[in-house]
Amino acid sequence: MQFNRSQEIAVTHDRGPMMVLAGPGSGKTMVITHRVRWLIEEAGVHPAGILVVTFTKAAADEMRQRFVSLMGQELPVIFGTFHAVFFNILRYAYHYTAANIIREDQKYQLMKELIERYLPDTDNVNDMAGELLAETGLVKGGLMDLSHYYATSCPADSFRRIYKAYNETLRARNLLDFEDMMVDTWALFKERKDILKGWQQRFQYVLIDEFQDINLLQYQLIRLLAAPQDNLFIVGDDDQSIYGFRGARPELMLGFEKDYPKAVRVRLSVNYRSQGAIVKAAGSVIGNNRQRFDKEIQAARPEKDPVDIRMFAGPADEQAAVIREIRRYHDEAGVPFSEMAILFRTNTQARGLLEKLMAYNIPFRMQDAMPNIYQHWISRDVMAYLRISLGSEARSDYLRIVNRPNRYISRQSMPDRRVNMTRLAAFYRDKDWMLDRIGKMAQDLAMMRTMPPYAAINYIRKGIGYDQFLDQYAREHRIDLSELIQVLDELQESAKPFRSFKDWEEHIRIYTERLKEQAARRRTDKEDCVSLETMHHAKGLEYQVVMIVDANEHIIPHQKALLDADVEEERRMFYVAMTRARDHLHIFFLKERYGRPMVMSRFVGEILMDRRVLKPGVRVVHKAYGPGLIREMGDHTITIRFDREAKDRRLDIRYCIENQLLQVQSP
């Protein structure tokens with residue numbers, strides 16, 4: 001096997017800690033498997049003394065299969081996930097079995113029961129359960145003091161009660177969740193030095209893949225396990241750390257050499273995957289991050305097609321362009337559908353694309369579980385309003401909407417399965433203010449009766465006051481209002497082509513059935529399909545053609561990214577998305593969405609103008625001020641002395657880049 005110099009240094013490293021900075025497409029899996037082989041065949045290490053840890057079972061299985069293929073036989077090297085490795089340690093200590101691991105459905109059911117007890121007014125219980133479980137994992141994986149943890153999914157005191165009740169229930173039932181496997185191993189190692197020593201002697205060499213995704217608890221456990229020899233071989237890329245929401249701590253990789261001053265650092269800086277133009281563009285983006293190891297990724301392949309960056313008037317134009325590109329690549333260039341991917345920041349962006357792909361009979365596979373927007377509780381509210389306006393008397397419909405916004409109508413006023421406005425008014429006949437509210441509701445529903453769905457939804461939002469209800473709901477439940485409004489915007493946009501609720505309802509039924517088919521398709525890889533996936537899910541994958549859609553501010557970087565650290569993670573995510581492409585990369589952004597103006601993502605601007613070329617002494621041309629000389633560069637500002645004015649101007653770098661105001665002057 002031919003290695004480049006950096007790969008060879010990594011593979012043949014003997015003893016002590018080593019950090020391998022492995023850029024996209026640099027052959028890190030090959031390095032890990034060949035290093036294990038070298039340890040066995042050249043360094044005389046017993047295979048059972050080698051532990052290779054990954055973050056997913058799929059990655060562990062792939063690594064194991066590649067190693068077996070390399071060696072031509074099975075050997076007792078351990079390839080496993082953090083959870084599998086540490087559960088195995090607990091199994092030996094406490095005689096646990098698989099029955100002691102709480103199933104995913106059990107975990108969600110338990111959390112939903114706790115929500116009903118401690119947060120009884122929650123509408124979207126399933127979503128809340130997922131958020132609470134994620135936060136519970138963050139607290140455990142970050143070794144956080146619960147009393148100092150500030151919850152984001154619900155009030156802090158409610159979260160603490162739920163957290164404690166959740167863990168007490170697990171203990172009472174002798175069950176563990178995934179985080180407990182590591183928490184309990186940490187406690188075991190702290191209390192039983194003899195057991196720790198036994199495992200340290202068992203695993204003489206420890207190799208960690210995707211180290212940038214490690215959390216604090218995992219890191220502390222690995223440090224204990226690798227001691228005292230410290231034959232710890234970590235492989236990762238700080239530029240691809242995108243799982244902060246799961247507790248990943250890229251700063252642990254950045255600080256590795258402080259914890260291990262004798263660590264050897266090697267860079268795998270040749271990208272064998274992407275053609276030169278893609279590598280260059282990706283480098284111009286990630287180079288804007290400040291908290292990173294300094295590195296320059298080189299392309300092994302020459303530059304081919306430049307990165308295609310285009311703006312579209314709105315979502316419909318963007319979606320039409322995606323369809324055209326897919327058909328052109330498939331029909332004219334012979335690219336298989338499976339070699340094409342459409343990437344987006346969040347899965348809520350996918351609805352319009354899914355419907356377009358369905359309409360053109362283009363086979364596709366959703367790598368993520370895509371939420372059906374029509375099943376969101378906001379959509380169910382809107383549908384209930386529309387059904388009642390068209391004559392529904394179902395109590396379930398009325399209960400959904402009578403107090404959205406709040407009209408102070410009680411459930412007791414609607415005792416029967418069918419609701420009649422006359423009987424409802426009779427219940428409040430001695431309360432004039434309630435009769436006024438009921439009369440206004442009846443008038444609103446009558447107004448909507450002849451409207452097409454798009455106009456009816458607009459009336460629900462503005463005329464009836466549903467937007468104001470969402471504002472109040474978001475404040476009471478500590479939810480980001482913009483996320484709720486986005487659901488409503490997307491729902492209203494979906495209704496635009498339909499003249500009647502009946503036609504729209506039929507479209508929703510067909511769409512829902514197709515979505516179920518897609519959920520089944522995700523479980524098989526046999527069909528030739530275009531992949532639709534979030535940037536998070538795309539990590540580790542590669543395609544001949546990649547299309548990144550909706551590359552706009554507030555989408556990527558996400559509107560929640562307020563701190564510099566958050567923006568840097570968003571930039572890493574965009575970098576990951578770009579480097580999934582081998583041959584062709586398209587980046588699309590919108591001028592307008594939902595009738596509101598949109599701004600190109602700053603990351604797109606960084607492709608168009610590589611900030612790293614802006615240095616003191618470089619001559620530039622500004623669209624408004626003409627040619628000039630860069631005098632100073634700050635973190636956020638650039639000072640230029642313009643020829644026409646013969647004076648210095650201090651400008652915002654980001655604004656100049658986003659709006660393509662500057663160009664480097666040709667010599």
# chains A, B, ... in the order shown; residues from 1 in each chain; ligands from 1

$ residues_around --residues "region 430-447 of chain A" --least-positions-apart "4" --cutoff "9 Å" --atoms "only C-alpha atoms" --output "count of residues only"
19

$ residues_around --residues "Asp177 (chain A)" --least-positions-apart "3" --cutoff "8 Å" --atoms "only C-alpha atoms" --output "list in words"
Ile101, Ile102, Lys107, Asp180 and Met181 of chain A

$ write_last_selection --atoms "C-alpha atoms" --output "mmCIF file, in the first residue's frame"
data_model
loop_
_atom_site.group_PDB
_atom_site.id
_atom_site.type_symbol
_atom_site.label_atom_id
_atom_site.label_comp_id
_atom_site.auth_asym_id
_atom_site.auth_seq_id
_atom_site.Cartn_x
_atom_site.Cartn_y
_atom_site.Cartn_z
ATOM 1 C CA ILE A 101 -30.770 -1.345 28.637
ATOM 2 C CA ILE A 102 -33.933 0.717 28.312
ATOM 3 C CA LYS A 107 -37.514 5.785 27.206
ATOM 4 C CA ASP A 180 -25.703 5.817 32.091
ATOM 5 C CA MET A 181 -23.380 3.247 30.528
#

$ residues_around --residues "region 552-562 of chain A" --least-positions-apart "4" --cutoff "10 Å" --atoms "only C-alpha atoms" --output "short mmCIF file (atom, residue, chain, number, x, y, z; two decimals) with N, CA and C atoms, in the first residue's frame"
data_model
loop_
_atom_site.label_atom_id
_atom_site.label_comp_id
_atom_site.auth_asym_id
_atom_site.auth_seq_id
_atom_site.Cartn_x
_atom_site.Cartn_y
_atom_site.Cartn_z
N MET A 311 -28.47 32.69 -7.29
CA MET A 311 -29.57 33.25 -6.52
C MET A 311 -30.88 33.05 -7.28
N PHE A 344 -29.64 20.36 3.11
CA PHE A 344 -30.26 21.54 3.68
C PHE A 344 -29.93 21.59 5.16
N ARG A 345 -30.10 22.77 5.75
CA ARG A 345 -29.71 22.97 7.15
C ARG A 345 -30.63 22.25 8.11
N THR A 346 -31.95 22.38 7.90
CA THR A 346 -32.92 21.71 8.77
C THR A 346 -33.93 20.95 7.93
N GLN A 349 -37.04 22.34 5.85
CA GLN A 349 -36.93 22.97 4.54
C GLN A 349 -37.33 22.04 3.40
N ASP A 480 -38.87 29.17 20.76
CA ASP A 480 -38.50 30.19 19.77
C ASP A 480 -39.69 30.44 18.85
N SER A 482 -39.97 32.13 16.18
CA SER A 482 -39.68 32.07 14.74
C SER A 482 -39.86 30.66 14.20
N GLU A 483 -39.59 29.65 15.03
CA GLU A 483 -39.77 28.27 14.57
C GLU A 483 -41.24 27.95 14.36
N ASP A 566 -21.13 29.63 18.22
CA ASP A 566 -22.24 29.04 17.48
C ASP A 566 -22.06 29.24 15.97
N VAL A 567 -21.65 30.46 15.59
CA VAL A 567 -21.43 30.75 14.17
C VAL A 567 -20.30 29.89 13.62
N GLU A 568 -19.27 29.67 14.42
CA GLU A 568 -18.15 28.84 13.95
C GLU A 568 -18.62 27.40 13.71
N GLU A 569 -19.52 26.89 14.57
CA GLU A 569 -20.04 25.54 14.33
C GLU A 569 -20.89 25.50 13.07
N GLU A 570 -21.67 26.55 12.83
CA GLU A 570 -22.46 26.62 11.61
C GLU A 570 -21.55 26.65 10.38
N ARG A 571 -20.43 27.37 10.49
CA ARG A 571 -19.48 27.43 9.37
C ARG A 571 -18.87 26.03 9.14
N MET A 573 -20.35 23.27 9.71
CA MET A 573 -21.40 22.47 9.08
C MET A 573 -21.47 22.74 7.58
N PHE A 574 -21.34 24.01 7.20
CA PHE A 574 -21.36 24.37 5.78
C PHE A 574 -20.14 23.76 5.08
N PHE A 588 -27.25 27.15 -3.82
CA PHE A 588 -28.36 28.01 -4.22
C PHE A 588 -28.83 28.82 -3.01
N PHE A 589 -29.24 30.06 -3.27
CA PHE A 589 -29.84 30.86 -2.20
C PHE A 589 -30.98 31.69 -2.76
N LEU A 590 -31.81 32.23 -1.87
CA LEU A 590 -33.06 32.88 -2.27
C LEU A 590 -32.99 34.39 -2.08
N LYS A 591 -33.71 35.08 -2.94
CA LYS A 591 -33.88 36.53 -2.79
C LYS A 591 -35.07 36.83 -1.89
N GLU A 592 -36.06 35.93 -1.89
CA GLU A 592 -37.29 36.18 -1.13
C GLU A 592 -37.91 34.85 -0.71
N MET A 598 -34.70 37.99 1.63
CA MET A 598 -33.69 37.11 2.22
C MET A 598 -32.31 37.65 1.85
N VAL A 599 -31.33 37.32 2.68
CA VAL A 599 -29.95 37.76 2.46
C VAL A 599 -29.07 36.53 2.24
N MET A 600 -28.17 36.63 1.28
CA MET A 600 -27.23 35.54 1.02
C MET A 600 -26.42 35.22 2.27
N SER A 601 -26.18 33.93 2.52
CA SER A 601 -25.38 33.52 3.67
C SER A 601 -23.99 34.13 3.60
N ARG A 602 -23.49 34.53 4.75
CA ARG A 602 -22.13 35.07 4.80
C ARG A 602 -21.11 34.03 4.32
N PHE A 603 -21.47 32.74 4.46
CA PHE A 603 -20.54 31.69 4.03
C PHE A 603 -20.39 31.66 2.51
N VAL A 604 -21.47 31.99 1.82
CA VAL A 604 -21.39 32.10 0.36
C VAL A 604 -20.49 33.28 -0.01
N GLU A 658 -20.33 39.90 2.26
CA GLU A 658 -21.69 39.42 1.97
C GLU A 658 -22.26 40.11 0.72
#

$ residues_around --residues "Ile607 (chain A)" --least-positions-apart "4" --cutoff "6 Å" --atoms "only C-alpha atoms" --output "JSON, numbers by chain"
{"A": [281, 284, 285]}

$ atom_distance --atom1 "CA of Leu343 (chain A)" --atom2 "CA of Met535 (chain A)"
5.8 Å

$ atom_distance --atom1 "CA of Lys615 (chain A)" --atom2 "CA of Val279 (chain A)"
21.9 Å

$ atom_distance --atom1 "CA of Ala187 (chain A)" --atom2 "CA of Ala93 (chain A)"
11.9 Å

$ closest_atom_pairs --of "region 298-374 of chain A" --to "region 577-587 of chain A" --cutoff "10 Å" --atoms "only C-alpha atoms" --output "JSON lines"
{"residue": "A:Arg301", "atom": "CA", "partner": "A:Arg582", "partner_atom": "CA", "distance": 9.6}
{"residue": "A:Glu303", "atom": "CA", "partner": "A:Asp583", "partner_atom": "CA", "distance": 9.3}
{"residue": "A:Lys304", "atom": "CA", "partner": "A:Asp583", "partner_atom": "CA", "distance": 7.5}
{"residue": "A:Asp305", "atom": "CA", "partner": "A:His584", "partner_atom": "CA", "distance": 6.7}
{"residue": "A:Pro306", "atom": "CA", "partner": "A:His584", "partner_atom": "CA", "distance": 8.0}
{"residue": "A:Val307", "atom": "CA", "partner": "A:Leu585", "partner_atom": "CA", "distance": 5.3}
{"residue": "A:Asp308", "atom": "CA", "partner": "A:His586", "partner_atom": "CA", "distance": 4.6}
{"residue": "A:Ile309", "atom": "CA", "partner": "A:Ile587", "partner_atom": "CA", "distance": 4.8}
{"residue": "A:Arg310", "atom": "CA", "partner": "A:Ile587", "partner_atom": "CA", "distance": 6.5}
{"residue": "A:Met311", "atom": "CA", "partner": "A:Ile587", "partner_atom": "CA", "distance": 8.7}
{"residue": "A:Val322", "atom": "CA", "partner": "A:His586", "partner_atom": "CA", "distance": 9.3}
{"residue": "A:Glu325", "atom": "CA", "partner": "A:His586", "partner_atom": "CA", "distance": 9.4}
{"residue": "A:Glu339", "atom": "CA", "partner": "A:Ala581", "partner_atom": "CA", "distance": 9.5}
{"residue": "A:Met340", "atom": "CA", "partner": "A:Ala581", "partner_atom": "CA", "distance": 8.9}
{"residue": "A:Ala341", "atom": "CA", "partner": "A:Ala581", "partner_atom": "CA", "distance": 8.8}
{"residue": "A:Ile342", "atom": "CA", "partner": "A:His586", "partner_atom": "CA", "distance": 9.5}
{"residue": "A:Leu343", "atom": "CA", "partner": "A:Ala577", "partner_atom": "CA", "distance": 7.1}
{"residue": "A:Phe344", "atom": "CA", "partner": "A:Ala577", "partner_atom": "CA", "distance": 8.7}
{"residue": "A:Arg345", "atom": "CA", "partner": "A:Ala577", "partner_atom": "CA", "distance": 9.4}

$ write_last_selection --atoms "C-alpha atoms" --output "mmCIF file, in the first residue's frame"
data_model
loop_
_atom_site.group_PDB
_atom_site.id
_atom_site.type_symbol
_atom_site.label_atom_id
_atom_site.label_comp_id
_atom_site.auth_asym_id
_atom_site.auth_seq_id
_atom_site.Cartn_x
_atom_site.Cartn_y
_atom_site.Cartn_z
ATOM 1 C CA ARG A 301 -7.298 16.097 -8.041
ATOM 2 C CA GLU A 303 -9.687 21.815 -10.645
ATOM 3 C CA LYS A 304 -12.660 21.005 -12.899
ATOM 4 C CA ASP A 305 -16.038 22.743 -12.886
ATOM 5 C CA PRO A 306 -16.124 25.832 -10.651
ATOM 6 C CA VAL A 307 -18.576 25.853 -7.745
ATOM 7 C CA ASP A 308 -21.976 26.896 -9.136
ATOM 8 C CA ILE A 309 -23.425 29.703 -6.976
ATOM 9 C CA ARG A 310 -26.856 31.032 -7.960
ATOM 10 C CA MET A 311 -29.575 33.254 -6.515
ATOM 11 C CA VAL A 322 -32.858 21.489 -8.637
ATOM 12 C CA GLU A 325 -30.004 19.802 -12.655
ATOM 13 C CA GLU A 339 -24.645 9.794 -6.788
ATOM 14 C CA MET A 340 -26.661 12.981 -6.215
ATOM 15 C CA ALA A 341 -27.574 14.618 -2.921
ATOM 16 C CA ILE A 342 -29.634 17.643 -1.898
ATOM 17 C CA LEU A 343 -28.465 19.082 1.424
ATOM 18 C CA PHE A 344 -30.259 21.544 3.679
ATOM 19 C CA ARG A 345 -29.707 22.974 7.148
#

$ closest_residue --among "A:Arg475, A:His622, A:Gly391, A:Phe203" --to "Met448 (chain A)" --atoms "only C-alpha atoms"
A:Gly391

$ residues_around --residues "region 245-251 of chain A" --least-positions-apart "5" --cutoff "7 Å" --atoms "only C-alpha atoms" --output "PyMOL selection string"
chain A and resi 138+141-142+212-216+238

$ write_last_selection --atoms "C-alpha atoms" --output "compact mmCIF listing (two decimals), in the first residue's frame"
# COMPACT_ATOMS: atom_id res chain seq x y z
CA LEU A 138 -26.18 16.69 27.67
CA GLY A 141 -22.32 13.60 29.09
CA GLY A 142 -21.00 17.00 30.17
CA GLN A 212 -13.70 16.01 17.43
CA ASP A 213 -17.16 14.68 18.39
CA ILE A 214 -16.14 13.54 21.89
CA ASN A 215 -17.87 14.89 25.00
CA LEU A 216 -16.28 15.55 28.37
CA ASP A 238 -11.67 20.04 14.41

$ residues_around --residues "Leu488 (chain A)" --least-positions-apart "4" --cutoff "10 Å" --atoms "only C-alpha atoms" --output "ChimeraX atom specification"
/A:373,376,378-379,382,457-458,461,466-467,470,482-484,492-494

$ closest_atom_pairs --of "region 207-264 of chain A" --to "region 63-77 of chain A" --cutoff "12 Å" --atoms "only C-alpha atoms" --output "Markdown table"
| residue | atom | partner | partner_atom | distance |
| --- | --- | --- | --- | --- |
| A:Leu207 | CA | A:Val77 | CA | 11.2 |
| A:Ile208 | CA | A:Met63 | CA | 11.7 |
| A:Asp209 | CA | A:Met63 | CA | 9.9 |

$ write_last_selection --atoms "C-alpha atoms" --output "PDB file, in the first residue's frame"
ATOM      1  CA  LEU A 207      -7.449   4.390  18.950  1.00  0.00           C
ATOM      2  CA  ILE A 208     -10.325   6.899  18.717  1.00  0.00           C
ATOM      3  CA  ASP A 209     -12.020   7.826  15.434  1.00  0.00           C
TER       4      ASP A 209
END

$ residues_around --residues "region 109-112 of chain A" --least-positions-apart "2" --cutoff "8 Å" --atoms "only C-alpha atoms" --output "number ranges by chain"
A: 105-107, 114-116, 125-126, 129, 132-133, 166

$ write_last_selection --atoms "N, CA and C atoms" --output "CSV table (one decimal), in the first residue's frame"
chain,number,residue,atom,x,y,z
A,105,ASP,N,-38.4,3.0,22.8
A,105,ASP,CA,-39.8,3.3,23.0
A,105,ASP,C,-40.1,3.4,24.5
A,106,GLN,N,-39.5,2.6,25.3
A,106,GLN,CA,-39.7,2.7,26.7
A,106,GLN,C,-39.2,4.1,27.3
A,107,LYS,N,-38.1,4.5,26.8
A,107,LYS,CA,-37.5,5.8,27.2
A,107,LYS,C,-38.5,6.9,26.9
A,114,LEU,N,-43.7,11.6,32.4
A,114,LEU,CA,-43.2,12.7,33.3
A,114,LEU,C,-43.7,14.1,32.8
A,115,ILE,N,-43.8,14.2,31.5
A,115,ILE,CA,-44.3,15.5,31.0
A,115,ILE,C,-45.7,15.7,31.4
A,116,GLU,N,-46.5,14.7,31.3
A,116,GLU,CA,-47.9,14.8,31.7
A,116,GLU,C,-48.0,15.2,33.2
A,125,VAL,N,-46.2,16.8,22.8
A,125,VAL,CA,-45.5,16.0,23.8
A,125,VAL,C,-44.4,15.2,23.2
A,126,ASN,N,-44.6,14.7,22.0
A,126,ASN,CA,-43.5,13.9,21.4
A,126,ASN,C,-42.2,14.7,21.2
A,129,ALA,N,-40.6,15.5,24.5
A,129,ALA,CA,-39.9,14.3,25.1
A,129,ALA,C,-38.6,14.2,24.5
A,132,LEU,N,-36.3,16.9,25.9
A,132,LEU,CA,-35.9,16.6,27.3
A,132,LEU,C,-34.9,15.5,27.4
A,133,LEU,N,-35.1,14.5,26.6
A,133,LEU,CA,-34.1,13.4,26.6
A,133,LEU,C,-32.7,13.9,26.1
A,166,TYR,N,-36.8,11.0,36.2
A,166,TYR,CA,-36.4,10.1,35.1
A,166,TYR,C,-35.3,9.1,35.6

$ closest_residue --among "A:Ser241, A:Pro336, A:Leu119, A:Asp127" --to "Ser158 (chain A)" --atoms "only C-alpha atoms"
A:Leu119
